[in-house]
file input_33.pdb (PDB, C-alpha atoms)
ATOM      1  CA  MET A   1     106.278  29.052 133.756
ATOM      2  CA  LEU A   2     103.736  31.807 133.145
ATOM      3  CA  LEU A   3     101.830  31.806 129.855
ATOM      4  CA  ASP A   4     100.488  34.963 128.252
ATOM      5  CA  THR A   5      97.647  32.778 127.034
ATOM      6  CA  ALA A   6      95.943  35.167 124.615
ATOM      7  CA  SER A   7      99.267  35.951 122.961
ATOM      8  CA  LEU A   8      99.812  32.226 122.412
ATOM      9  CA  TYR A   9      96.341  31.342 121.160
ATOM     10  CA  PHE A  10      96.455  34.272 118.725
ATOM     11  CA  ARG A  11      99.707  32.827 117.391
ATOM     12  CA  ALA A  12      98.190  29.363 117.239
ATOM     13  CA  TYR A  13      95.152  30.714 115.397
ATOM     14  CA  PHE A  14      97.255  32.349 112.701
ATOM     15  CA  GLY A  15      99.817  29.539 112.603
ATOM     16  CA  VAL A  16      97.460  26.555 112.252
ATOM     17  CA  PRO A  17      95.159  26.374 109.192
ATOM     18  CA  ASP A  18      91.468  26.993 109.883
ATOM     19  CA  SER A  19      90.783  23.777 107.999
ATOM     20  CA  VAL A  20      91.486  22.136 111.376
ATOM     21  CA  ARG A  21      87.897  21.692 112.516
ATOM     22  CA  ALA A  22      85.653  19.875 114.971
ATOM     23  CA  PRO A  23      83.254  17.163 113.743
ATOM     24  CA  ASP A  24      80.495  19.790 113.424
ATOM     25  CA  GLY A  25      82.712  21.987 111.230
ATOM     26  CA  THR A  26      83.677  24.529 113.912
ATOM     27  CA  PRO A  27      87.290  25.723 113.503
ATOM     28  CA  VAL A  28      89.455  24.557 116.422
ATOM     29  CA  ASN A  29      92.846  25.577 115.056
ATOM     30  CA  ALA A  30      93.567  27.892 118.021
ATOM     31  CA  VAL A  31      92.527  25.217 120.529
ATOM     32  CA  ARG A  32      94.628  22.456 119.057
ATOM     33  CA  GLY A  33      97.526  24.786 118.303
ATOM     34  CA  LEU A  34      97.606  26.026 121.897
ATOM     35  CA  LEU A  35      97.528  22.469 123.268
ATOM     36  CA  ASP A  36     100.505  21.616 121.074
ATOM     37  CA  PHE A  37     102.267  24.801 122.220
ATOM     38  CA  ILE A  38     101.787  23.896 125.889
ATOM     39  CA  GLY A  39     102.901  20.306 125.294
ATOM     40  CA  ARG A  40     106.049  21.496 123.544
ATOM     41  CA  LEU A  41     106.831  24.044 126.281
ATOM     42  CA  VAL A  42     106.456  21.406 129.003
ATOM     43  CA  GLN A  43     108.507  18.893 127.036
ATOM     44  CA  ASP A  44     111.346  21.321 126.286
ATOM     45  CA  HIS A  45     111.525  23.267 129.561
ATOM     46  CA  ARG A  46     110.075  20.939 132.215
ATOM     47  CA  PRO A  47     108.629  23.592 134.533
ATOM     48  CA  ASP A  48     107.580  22.486 138.031
ATOM     49  CA  GLU A  49     104.576  24.785 137.863
ATOM     50  CA  LEU A  50     102.639  26.336 134.988
ATOM     51  CA  VAL A  51      99.945  29.015 134.971
ATOM     52  CA  ALA A  52      97.824  30.026 131.991
ATOM     53  CA  CYS A  53      97.305  33.743 132.672
ATOM     54  CA  MET A  54      94.120  35.194 131.169
ATOM     55  CA  ASP A  55      92.761  38.604 130.200
ATOM     56  CA  ALA A  56      89.727  39.009 132.453
ATOM     57  CA  ASP A  57      89.758  42.617 131.200
ATOM     58  CA  TRP A  58      91.941  43.298 128.168
ATOM     59  CA  ARG A  59      91.416  47.107 128.437
ATOM     60  CA  PRO A  60      91.016  48.041 132.115
ATOM     61  CA  HIS A  61      89.054  51.226 132.785
ATOM     62  CA  TRP A  62      91.722  52.537 135.142
ATOM     63  CA  ARG A  63      94.234  52.526 132.286
ATOM     64  CA  VAL A  64      91.775  54.082 129.804
ATOM     65  CA  GLU A  65      90.998  56.892 132.270
ATOM     66  CA  LEU A  66      94.673  57.869 132.213
ATOM     67  CA  ILE A  67      95.249  57.438 128.456
ATOM     68  CA  PRO A  68      91.914  57.271 126.549
ATOM     69  CA  SER A  69      93.634  56.043 123.377
ATOM     70  CA  TYR A  70      94.839  52.901 125.189
ATOM     71  CA  LYS A  71      93.909  49.996 122.861
ATOM     72  CA  ALA A  72      91.000  52.123 121.571
ATOM     73  CA  HIS A  73      91.563  51.028 117.962
ATOM     74  CA  ARG A  74      90.928  47.412 118.982
ATOM     75  CA  VAL A  75      87.491  47.997 120.519
ATOM     76  CA  ALA A  76      84.701  46.192 118.667
ATOM     77  CA  VAL A  77      81.842  46.978 121.082
ATOM     78  CA  GLU A  78      81.807  49.396 124.024
ATOM     79  CA  THR A  79      79.913  48.182 127.091
ATOM     80  CA  GLU A  80      78.559  50.138 130.049
ATOM     81  CA  THR A  81      78.892  47.504 132.760
ATOM     82  CA  GLY A  82      81.824  45.300 131.831
ATOM     83  CA  PRO A  83      84.972  45.125 129.718
ATOM     84  CA  ASP A  84      84.706  46.408 126.159
ATOM     85  CA  GLU A  85      84.649  43.673 123.554
ATOM     86  CA  GLU A  86      87.899  43.312 121.645
ATOM     87  CA  GLU A  87      87.942  43.094 117.877
ATOM     88  CA  ILE A  88      89.189  39.601 117.133
ATOM     89  CA  PRO A  89      88.641  37.271 114.173
ATOM     90  CA  ASP A  90      85.112  35.831 113.999
ATOM     91  CA  THR A  91      86.355  32.253 114.075
ATOM     92  CA  LEU A  92      88.702  32.796 117.031
ATOM     93  CA  SER A  93      86.325  34.199 119.657
ATOM     94  CA  PRO A  94      84.162  31.019 119.826
ATOM     95  CA  GLN A  95      87.315  28.994 120.505
ATOM     96  CA  VAL A  96      88.278  30.883 123.669
ATOM     97  CA  PRO A  97      85.617  29.245 125.909
ATOM     98  CA  ILE A  98      86.666  25.855 124.535
ATOM     99  CA  ILE A  99      90.284  26.612 125.454
ATOM    100  CA  GLU A 100      89.202  27.550 128.971
ATOM    101  CA  ASP A 101      87.106  24.404 129.401
ATOM    102  CA  VAL A 102      89.908  22.156 128.151
ATOM    103  CA  LEU A 103      92.557  23.724 130.385
ATOM    104  CA  ASP A 104      90.237  23.341 133.391
ATOM    105  CA  ALA A 105      89.490  19.703 132.601
ATOM    106  CA  VAL A 106      93.183  18.910 132.102
ATOM    107  CA  GLY A 107      93.978  20.612 135.401
ATOM    108  CA  ILE A 108      96.282  23.378 134.163
ATOM    109  CA  ALA A 109      95.935  26.426 136.402
ATOM    110  CA  ARG A 110      94.069  29.240 134.649
ATOM    111  CA  VAL A 111      94.084  32.631 136.354
ATOM    112  CA  GLY A 112      92.359  35.853 135.371
ATOM    113  CA  VAL A 113      91.222  38.655 137.680
ATOM    114  CA  ALA A 114      88.419  41.133 137.007
ATOM    115  CA  GLY A 115      89.744  44.590 136.166
ATOM    116  CA  TYR A 116      93.190  43.353 135.148
ATOM    117  CA  GLU A 117      95.000  42.115 132.074
ATOM    118  CA  ALA A 118      96.947  38.866 131.865
ATOM    119  CA  ASP A 119     100.103  41.018 131.967
ATOM    120  CA  ASP A 120      99.145  42.158 135.474
ATOM    121  CA  VAL A 121      98.557  38.595 136.659
ATOM    122  CA  ILE A 122     101.939  37.658 135.205
ATOM    123  CA  GLY A 123     103.568  40.679 136.863
ATOM    124  CA  THR A 124     102.163  39.774 140.257
ATOM    125  CA  LEU A 125     103.141  36.112 140.021
ATOM    126  CA  ALA A 126     106.608  36.859 138.635
ATOM    127  CA  THR A 127     107.541  39.435 141.268
ATOM    128  CA  HIS A 128     106.360  37.265 144.169
ATOM    129  CA  ALA A 129     107.743  33.942 142.922
ATOM    130  CA  LYS A 130     110.183  32.158 145.219
ATOM    131  CA  GLY A 131     112.145  30.570 142.382
ATOM    132  CA  PRO A 132     113.098  31.062 138.729
ATOM    133  CA  VAL A 133     110.342  32.224 136.366
ATOM    134  CA  ASP A 134     109.978  31.830 132.609
ATOM    135  CA  ILE A 135     107.358  34.096 131.000
ATOM    136  CA  VAL A 136     106.173  32.910 127.588
ATOM    137  CA  THR A 137     104.792  35.802 125.559
ATOM    138  CA  GLY A 138     104.866  37.468 122.176
ATOM    139  CA  ASP A 139     104.377  40.852 123.859
ATOM    140  CA  ARG A 140     107.503  42.945 124.359
ATOM    141  CA  ASP A 141     105.810  44.886 127.185
ATOM    142  CA  LEU A 142     106.662  42.036 129.520
ATOM    143  CA  TYR A 143     110.391  42.599 129.020
ATOM    144  CA  GLN A 144     109.978  44.952 131.983
ATOM    145  CA  LEU A 145     109.751  41.868 134.227
ATOM    146  CA  VAL A 146     113.140  40.504 133.166
ATOM    147  CA  SER A 147     115.409  40.368 136.196
ATOM    148  CA  ASP A 148     118.618  38.410 136.663
ATOM    149  CA  ALA A 149     118.348  38.913 140.440
ATOM    150  CA  ARG A 150     114.904  37.282 140.517
ATOM    151  CA  GLN A 151     115.859  34.773 137.777
ATOM    152  CA  ALA A 152     112.953  35.999 135.651
ATOM    153  CA  ARG A 153     113.281  35.604 131.871
ATOM    154  CA  VAL A 154     111.014  36.114 128.884
ATOM    155  CA  LEU A 155     110.739  33.348 126.305
ATOM    156  CA  TYR A 156     109.646  35.100 123.117
ATOM    157  CA  PRO A 157     108.285  32.784 120.389
ATOM    158  CA  LEU A 158     109.984  33.250 117.035
ATOM    159  CA  LYS A 159     108.427  30.277 115.248
ATOM    160  CA  GLY A 160     105.701  28.420 117.084
ATOM    161  CA  VAL A 161     107.158  27.702 120.495
ATOM    162  CA  GLY A 162     109.865  25.385 119.246
ATOM    163  CA  THR A 163     112.135  28.364 118.618
ATOM    164  CA  LEU A 164     112.168  30.842 121.492
ATOM    165  CA  ALA A 165     114.298  33.933 122.013
ATOM    166  CA  ILE A 166     115.417  33.651 125.627
ATOM    167  CA  THR A 167     115.582  37.187 126.960
ATOM    168  CA  ASP A 168     117.560  38.039 130.082
ATOM    169  CA  GLU A 169     119.148  41.335 131.161
ATOM    170  CA  ALA A 170     122.197  40.854 128.933
ATOM    171  CA  VAL A 171     119.962  40.467 125.874
ATOM    172  CA  LEU A 172     117.934  43.556 126.823
ATOM    173  CA  ARG A 173     121.042  45.660 127.296
ATOM    174  CA  GLU A 174     122.497  44.478 123.984
ATOM    175  CA  LYS A 175     119.286  45.053 122.039
ATOM    176  CA  TYR A 176     117.770  48.084 123.766
ATOM    177  CA  GLY A 177     120.468  49.487 126.025
ATOM    178  CA  VAL A 178     118.310  49.073 129.150
ATOM    179  CA  ASP A 179     117.519  46.496 131.825
ATOM    180  CA  GLY A 180     114.033  45.274 132.733
ATOM    181  CA  LEU A 181     113.158  48.305 134.843
ATOM    182  CA  GLY A 182     114.468  50.651 132.166
ATOM    183  CA  TYR A 183     112.306  49.012 129.522
ATOM    184  CA  VAL A 184     109.202  50.742 130.949
ATOM    185  CA  ASP A 185     110.787  54.170 130.417
ATOM    186  CA  LEU A 186     111.912  53.171 126.928
ATOM    187  CA  ALA A 187     108.393  52.019 126.042
ATOM    188  CA  ILE A 188     106.848  55.240 127.386
ATOM    189  CA  LEU A 189     109.140  57.436 125.321
ATOM    190  CA  ARG A 190     108.936  55.317 122.171
ATOM    191  CA  GLY A 191     105.212  54.660 122.385
ATOM    192  CA  ASP A 192     103.423  51.640 120.961
ATOM    193  CA  PRO A 193     100.836  52.058 118.192
ATOM    194  CA  SER A 194      99.565  48.510 118.766
ATOM    195  CA  ASP A 195      98.501  49.547 122.279
ATOM    196  CA  GLY A 196      97.426  53.077 121.390
ATOM    197  CA  LEU A 197     100.302  54.646 123.328
ATOM    198  CA  PRO A 198     101.393  57.842 121.572
ATOM    199  CA  GLY A 199     104.906  58.143 122.963
ATOM    200  CA  VAL A 200     106.814  61.401 122.716
ATOM    201  CA  PRO A 201     106.690  62.694 119.131
ATOM    202  CA  GLY A 202     110.031  62.472 117.372
ATOM    203  CA  ILE A 203     111.586  60.142 119.944
ATOM    204  CA  GLY A 204     111.946  56.606 118.636
ATOM    205  CA  GLU A 205     113.555  53.594 120.197
ATOM    206  CA  LYS A 206     117.179  54.521 119.496
ATOM    207  CA  THR A 207     116.805  58.118 120.681
ATOM    208  CA  ALA A 208     114.958  56.951 123.787
ATOM    209  CA  ALA A 209     117.793  54.532 124.596
ATOM    210  CA  LYS A 210     120.388  57.305 124.166
ATOM    211  CA  LEU A 211     118.447  59.665 126.426
ATOM    212  CA  LEU A 212     118.095  56.988 129.101
ATOM    213  CA  ASP A 213     121.814  56.258 128.871
ATOM    214  CA  ALA A 214     122.593  59.955 129.296
ATOM    215  CA  TYR A 215     120.096  60.824 132.039
ATOM    216  CA  GLY A 216     119.451  57.509 133.824
ATOM    217  CA  ASP A 217     115.686  57.243 133.767
ATOM    218  CA  LEU A 218     112.523  59.060 132.755
ATOM    219  CA  ALA A 219     112.650  61.337 135.785
ATOM    220  CA  GLY A 220     116.232  62.269 134.926
ATOM    221  CA  ILE A 221     115.245  63.073 131.343
ATOM    222  CA  MET A 222     112.370  65.311 132.465
ATOM    223  CA  ALA A 223     114.700  67.030 134.942
ATOM    224  CA  ALA A 224     117.039  67.706 132.010
ATOM    225  CA  VAL A 225     114.170  69.469 130.208
ATOM    226  CA  ASP A 226     114.181  72.055 133.012
ATOM    227  CA  ASP A 227     117.969  72.331 133.114
ATOM    228  CA  PRO A 228     119.234  74.844 130.551
ATOM    229  CA  ARG A 229     122.703  73.323 130.875
ATOM    230  CA  SER A 230     121.597  69.866 129.743
ATOM    231  CA  LYS A 231     122.591  68.660 126.301
ATOM    232  CA  LEU A 232     119.087  67.992 125.007
ATOM    233  CA  THR A 233     118.588  69.336 121.509
ATOM    234  CA  PRO A 234     116.085  72.201 121.194
ATOM    235  CA  SER A 235     113.581  69.924 119.452
ATOM    236  CA  GLN A 236     113.931  67.189 122.092
ATOM    237  CA  ARG A 237     113.462  69.730 124.871
ATOM    238  CA  LYS A 238     110.373  71.163 123.167
ATOM    239  CA  ARG A 239     108.759  67.803 122.467
ATOM    240  CA  LEU A 240     109.416  66.446 125.936
ATOM    241  CA  ASP A 241     108.082  69.651 127.475
ATOM    242  CA  GLU A 242     104.914  69.422 125.389
ATOM    243  CA  SER A 243     104.491  65.780 126.417
ATOM    244  CA  ARG A 244     104.542  66.359 130.183
ATOM    245  CA  ALA A 245     100.892  65.402 130.660
ATOM    246  CA  TYR A 246     101.423  62.093 128.860
ATOM    247  CA  VAL A 247     104.725  61.358 130.618
ATOM    248  CA  ALA A 248     103.070  61.991 134.006
ATOM    249  CA  VAL A 249     100.405  59.286 133.579
ATOM    250  CA  ALA A 250     102.063  56.826 131.197
ATOM    251  CA  PRO A 251     104.091  54.945 133.855
ATOM    252  CA  LYS A 252     100.933  53.728 135.581
ATOM    253  CA  VAL A 253      99.536  52.556 132.244
ATOM    254  CA  VAL A 254     102.691  50.900 130.903
ATOM    255  CA  ARG A 255     103.899  49.276 134.133
ATOM    256  CA  VAL A 256     102.253  45.958 134.845
ATOM    257  CA  ALA A 257     100.526  45.702 138.198
ATOM    258  CA  THR A 258     102.339  43.615 140.790
ATOM    259  CA  ASP A 259      99.634  43.657 143.474
ATOM    260  CA  VAL A 260      96.703  41.909 141.781
ATOM    261  CA  PRO A 261      94.454  40.123 144.315
ATOM    262  CA  LEU A 262      94.884  36.589 143.034
ATOM    263  CA  PRO A 263      92.451  33.753 143.786
ATOM    264  CA  ASP A 264      93.637  30.525 145.371
ATOM    265  CA  PHE A 265      94.876  28.056 142.761
ATOM    266  CA  ASP A 266      97.245  25.132 142.388
ATOM    267  CA  PRO A 267     100.009  25.862 139.861
ATOM    268  CA  ALA A 268     101.443  22.335 139.939
ATOM    269  CA  LEU A 269     101.435  20.571 136.596
ATOM    270  CA  PRO A 270      98.936  17.686 136.632
ATOM    271  CA  VAL A 271     100.068  14.160 135.877
ATOM    272  CA  GLU A 272      96.539  12.988 135.090
ATOM    273  CA  PRO A 273      93.499  15.033 133.986
ATOM    274  CA  ARG A 274      91.569  16.752 136.760
ATOM    275  CA  ASP A 275      88.224  15.827 135.183
ATOM    276  CA  PRO A 276      88.685  12.866 132.810
ATOM    277  CA  ALA A 277      84.970  12.545 131.996
ATOM    278  CA  ALA A 278      84.625  16.204 131.029
ATOM    279  CA  LEU A 279      87.842  15.998 129.031
ATOM    280  CA  ASP A 280      86.585  12.949 127.113
ATOM    281  CA  GLU A 281      83.404  14.850 126.223
ATOM    282  CA  LEU A 282      85.344  17.900 125.102
ATOM    283  CA  ALA A 283      87.766  15.778 123.054
ATOM    284  CA  ALA A 284      84.891  14.054 121.258
ATOM    285  CA  GLN A 285      82.806  17.198 120.714
ATOM    286  CA  TRP A 286      85.658  19.315 119.396
ATOM    287  CA  GLY A 287      87.824  16.669 117.755
ATOM    288  CA  LEU A 288      90.907  17.477 119.809
ATOM    289  CA  GLY A 289      92.561  14.205 118.835
ATOM    290  CA  GLY A 290      96.316  14.066 118.662
ATOM    291  CA  ALA A 291      96.988  17.509 120.130
ATOM    292  CA  LEU A 292      95.292  16.618 123.403
ATOM    293  CA  GLN A 293      96.835  13.139 123.543
ATOM    294  CA  ARG A 294     100.317  14.557 122.952
ATOM    295  CA  LEU A 295      99.847  17.018 125.808
ATOM    296  CA  LEU A 296      98.548  14.355 128.200
ATOM    297  CA  SER A 297     101.401  12.024 127.266
ATOM    298  CA  THR A 298     103.947  14.771 127.947
ATOM    299  CA  LEU A 299     102.371  15.557 131.326
ATOM    300  CA  ARG A 300     102.630  11.892 132.354
ATOM    301  CA  THR A 301     106.359  11.607 131.611
TER     302      THR A 301
END

call {"tool": "encode", "arguments": {"input": "input_33.pdb", "output": "structure tokens"}}
result
Amino acid sequence: MLLDTASLYFRAYFGVPDSVRAPDGTPVNAVRGLLDFIGRLVQDHRPDELVACMDADWRPHWRVELIPSYKAHRVAVETETGPDEEEIPDTLSPQVPIIEDVLDAVGIARVGVAGYEADDVIGTLATHAKGPVDIVTGDRDLYQLVSDARQARVLYPLKGVGTLAITDEAVLREKYGVDGLGYVDLAILRGDPSDGLPGVPGIGEKTAAKLLDAYGDLAGIMAAVDDPRSKLTPSQRKRLDESRAYVAVAPKVVRVATDVPLPDFDPALPVEPRDPAALDELAAQWGLGGALQRLLSTLRT
């Protein structure tokens, strides 16, 4: 099981009241919510291994060089030497280091790699896994990793993590008319305002799906632009032609990396905390209470 950790702690933050606080008054709603999420996922799905995948760089420079608008609207502070700072709620950002410390003390594998997003870590782990993979994320971009052949599914939270939309190739084809590989082309054509991806003007999700059905893939669609016999409408032909520069670079931006140089780590779920003393300190300092105990109890069973 691969967790898109930021996606889950954002959901926890907005799903758990900020009245949930540590003894010193610091909000810990994202911390406790995420611990409950992980406990529920382990209880319901019983994975053999679990990795909390992290955004070491939420807006990699190599993606921004290709499409400068990539996540640009979410930049809070630009930095010269490291990743730009992402605009996130004031009371969430202080909770992220606590989340990291707690996961480490529990012994849940936490993996982030400089220069890459969590999506890229997930992509690398999912494509090289030797067994079935469940990816837990609220980000549709990771639908591209769905593969019946590799037994890779996306579990998309609908309400907390107790209600998950299990997405395999049949679901993708029914909903979008594409498989996992085709989802990248669909996303390129459609665009994604939340990621600053412009898409091809005038081509939404349904039109993109129809074009992919007719011409196979993005390359086939662009070949149809140059074929006067193709059945593209004049406006589609014009807009696709005018979007060639974007279409040429977008695949590298939208596709998750599958060759991230991962550090050594142990993905096995712990039965007992890796560092009980540190965990006791964290539990007392941040008032983690029942959420932590529920997770530890689930891990022991």

call {"tool": "atom_distance", "arguments": {"input": "input_33.pdb", "atom1": "atom CA of A:Asn29", "atom2": "atom CA of A:Gly289"}}
result
12.0 Å

call {"tool": "residues_around", "arguments": {"input": "input_33.pdb", "residues": "A:Leu155", "least_positions_apart": "2", "cutoff": "6 Å", "atoms": "all atoms listed in the file", "output": "PyMOL selection string"}}
result
chain A and resi 135-136+164-166

call {"tool": "closest_atom_pairs", "arguments": {"input": "input_33.pdb", "of": "stretch 216-290 of chain A", "to": "stretch 38-57 of chain A", "cutoff": "7 Å", "atoms": "all atoms listed in the file", "output": "tab-separated table"}}
result
residue	atom	partner	partner_atom	distance
A:Pro267	CA	A:Glu49	CA	5.1
A:Ala268	CA	A:Glu49	CA	4.5
A:Leu269	CA	A:Glu49	CA	5.4

call {"tool": "atom_distance", "arguments": {"input": "input_33.pdb", "atom1": "atom CA of A:Tyr215", "atom2": "atom CA of A:Pro251"}}
result
17.1 Å

call {"tool": "closest_residue", "arguments": {"input": "input_33.pdb", "among": "A:Gln293, A:Ser235, A:Thr163, A:Thr91", "to": "A:Arg32", "atoms": "only C-alpha atoms"}}
result
A:Gln293

call {"tool": "resolve_selection", "arguments": {"input": "input_33.pdb", "expression": "the PyMOL selection byres ((chain A and resi 113) around 8)", "output": "ChimeraX atom specification"}}
result
/A:54-57,111-112,114-117,121,260-263

call {"tool": "residues_around", "arguments": {"input": "input_33.pdb", "residues": "A:Ala170", "least_positions_apart": "2", "cutoff": "12 Å", "atoms": "all atoms listed in the file", "output": "VMD selection string"}}
result
chain A and resid 143 146 to 148 153 166 to 168 172 to 180

call {"tool": "resolve_selection", "arguments": {"input": "input_33.pdb", "expression": "the PyMOL selection byres ((chain A and resi 241) around 12)", "output": "number ranges by chain"}}
result
A: 200-201, 221-227, 232, 234-240, 242-248

call {"tool": "atom_distance", "arguments": {"input": "input_33.pdb", "atom1": "atom CA of A:Gly33", "atom2": "atom CA of A:Ala12"}}
result
4.7 Å

call {"tool": "resolve_selection", "arguments": {"input": "input_33.pdb", "expression": "the PyMOL selection byres ((chain A and resi 18) around 9)", "output": "PyMOL selection string"}}
result
chain A and resi 13-14+16-17+19-21+27-30+91

call {"tool": "axis_aligned_box", "arguments": {"input": "input_33.pdb", "around": "stretch 51-63 of chain A", "padding_each_side": "8 Å", "output": "lines of an AutoDock Vina configuration file"}}
result
center_x = 94.5
center_y = 40.8
center_z = 131.7
size_x = 26.9
size_y = 39.5
size_z = 23.0

call {"tool": "closest_residue", "arguments": {"input": "input_33.pdb", "among": "A:Met1, A:Tyr156, A:Arg59, A:Val31", "to": "A:Pro97", "atoms": "all atoms listed in the file"}}
result
A:Val31
